Structures are given as structure tokens and as C-alpha cells.
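Contents: one structure, followed by commentary.
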Amino acid sequence: QLHLVESGGGSVQPGGSLTLSCAAGKFNVDYYSIAWFRQAPGKAREGISCLSVNSGSTDYSDSVKGRFSISRDNYKNTVYLQMNRLQPEDTAVYYCAADLGSCITWKTMSYGDWDFWGQGTQVTVSS
């Protein structure tokens, strides 16, 4: 059983919306900060949102602020990323990651600093 499983990716036209899910298999998401990352072909991985454990505070990259929203459903043990007004530059593989710490340093944390990663889900935005 995987620790984190992303789903909800797909193809959408510009201006459309998608909701990604990040389901935890072996731990309770309410004990972890959960972040979403994405990686487009030939580009570095980009942190786009983080939901902090305890405080529930959220943070977003400038590239998605105002368009994307992160939330958590503790009953379903799942974190969501609602993505609105999608643009072709949002095309990427989207990953979620979990860490016992807060989101204070999430943008500077390396891959190995996170406790768990998912396998990714593809999002393609094109007309």
C-alpha cells in the first residue's frame, strides 16, 4: 500500500478546472503538513501549495495564487487541490508530499526532506 496516492488529473481546455486528490494510505493527514508540487517536461520541480499541520494555514506560489486552493478532509484522509482558470503553462505532473513539520520552510525543503511522496498525476491543459 502506497503512502500517498494522487488522482484527478486529466486533460482540460484553457480556463477549465480540475480537482486533484492526495489520499494517504498509512498515516493520518491531519498529523502532517501536505504540499503540492508540479514538474513540467524539462523544468525543475515547483512547489505550488502547502497546507500546514496544526494551524491549517495555507501558502501558495505566485504562479497559482488566486486560482488554486488546497484543502483537507480528515474523515477521508485526503488533501485536495482545486485548480481553476487553468492555463497551458499549468501542464505538468502534479505530486503531493507529506511532512511532520509545518509549512514555514516548505519552499526550501529538498526532495529528501519530505517524509512521503506520491507517484504523481498528469495534468494537461490545451485547446
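FYI, nothing fancy with the C-alpha cells labels: chains A, B, ... in order, residues from 1 per chain, ligands from 1 as they appear.
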May I have a table of the residues of range 87-107 of chain A lying at most 10 Å from range 6-28 of chain A, giving each one's closest pair of atoms and their distance in Å to one decimal, counting only C-alpha atoms, ordered by chain and ascending residue number, as a tab-separated table?
residue	atom	partner	partner_atom	distance
A:Gln87	CA	A:Pro14	CA	4.9
A:Pro88	CA	A:Pro14	CA	6.4
A:Glu89	CA	A:Pro14	CA	9.6
A:Asp90	CA	A:Pro14	CA	9.5
A:Thr91	CA	A:Ser11	CA	9.0
A:Ala92	CA	A:Gly9	CA	9.8
A:Val93	CA	A:Gly9	CA	8.5
A:Tyr94	CA	A:Glu6	CA	8.0
A:Tyr95	CA	A:Glu6	CA	6.9
A:Cys96	CA	A:Cys22	CA	6.3
A:Ala97	CA	A:Cys22	CA	8.7
A:Ala98	CA	A:Ala24	CA	9.2
What parts of range 15-93 of chain A does DSSP call helix (DSSP H, G or I)? I'd like the answer as a PyMOL selection string. chain A and resi 29-31+88-90
Could you write out that same residue set with N, CA and C atoms as a CSV table (one decimal), in the first residue's frame?
chain,number,residue,atom,x,y,z
A,29,VAL,N,-3.6,12.3,7.6
A,29,VAL,CA,-3.1,13.5,7.0
A,29,VAL,C,-3.2,14.7,8.0
A,30,ASP,N,-4.0,14.6,9.0
A,30,ASP,CA,-4.1,15.7,9.9
A,30,ASP,C,-2.9,15.8,10.9
A,31,TYR,N,-2.0,14.9,10.8
A,31,TYR,CA,-0.8,14.9,11.6
A,31,TYR,C,0.4,15.5,10.8
A,88,PRO,N,-2.3,26.7,-20.2
A,88,PRO,CA,-1.3,25.7,-20.8
A,88,PRO,C,-0.1,25.6,-20.0
A,89,GLU,N,0.4,26.7,-19.3
A,89,GLU,CA,1.6,26.6,-18.5
A,89,GLU,C,1.4,25.9,-17.2
A,90,ASP,N,0.2,25.5,-16.9
A,90,ASP,CA,-0.1,24.6,-15.8
A,90,ASP,C,0.1,23.1,-16.1
Within chain A, find each residue whose DSSP state, derived from the backbone, is strand (DSSP E), and express the selection as JSON, numbers by chain. {"A": [4, 5, 6, 7, 10, 11, 12, 18, 19, 20, 21, 22, 23, 24, 33, 34, 35, 36, 37, 38, 39, 46, 47, 48, 49, 50, 51, 58, 59, 60, 68, 69, 70, 71, 72, 73, 78, 79, 80, 81, 82, 83, 92, 93, 94, 95, 96, 97, 98, 99, 116, 117, 121, 122, 123, 124, 125]}
From A:Met109, A:Met83, A:Leu100, A:Leu4, residue lying nearest Asn54 in chain A [only C-alpha atoms]: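 Nearest candidate to Asn54 in chain A out of A:Met109, A:Met83, A:Leu100, A:Leu4: A:Leu100.
Take CA of Trp117 in chain A and CA of Leu86 in chain A: the distance between them is 23.8 Å.
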Straight-line distance linking CA of Gln39 in chain A with CA of Thr124 in chain A, stated in Å to one decimal: 11.8 Å
Shell of 9 Å around Ser63 in chain A, only C-alpha atoms, local chain residues under 3 positions omitted, as a ChimeraX atom specification: /A:48,60,66-67,90
Take CA of His3 in chain A and CA of Asp113 in chain A and report the distance between them in Å, one decimal.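 Interatomic distance here is 15.6 Å.
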What lies within 10 Å of Asp99 in chain A using only C-alpha atoms, ignoring chain neighbours under 5 positions off, as a PyMOL selection string? chain A and resi 29+31-35+52-53+106+113-117
Which residues, written as a ChimeraX atom specification, have at least one atom at most 8 Å from range 70-74 of chain A, with only C-alpha atoms counted and residues fewer than 3 positions away on the same chain left out? /A:28-30,49-51,58,77-82
Between A:Val5, A:Asn84, A:Tyr111, A:Ser126, which one has atoms that come closest to Glu46 in chain A, using only C-alpha atoms?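 Closest residue, counting only C-alpha atoms: A:Tyr111.
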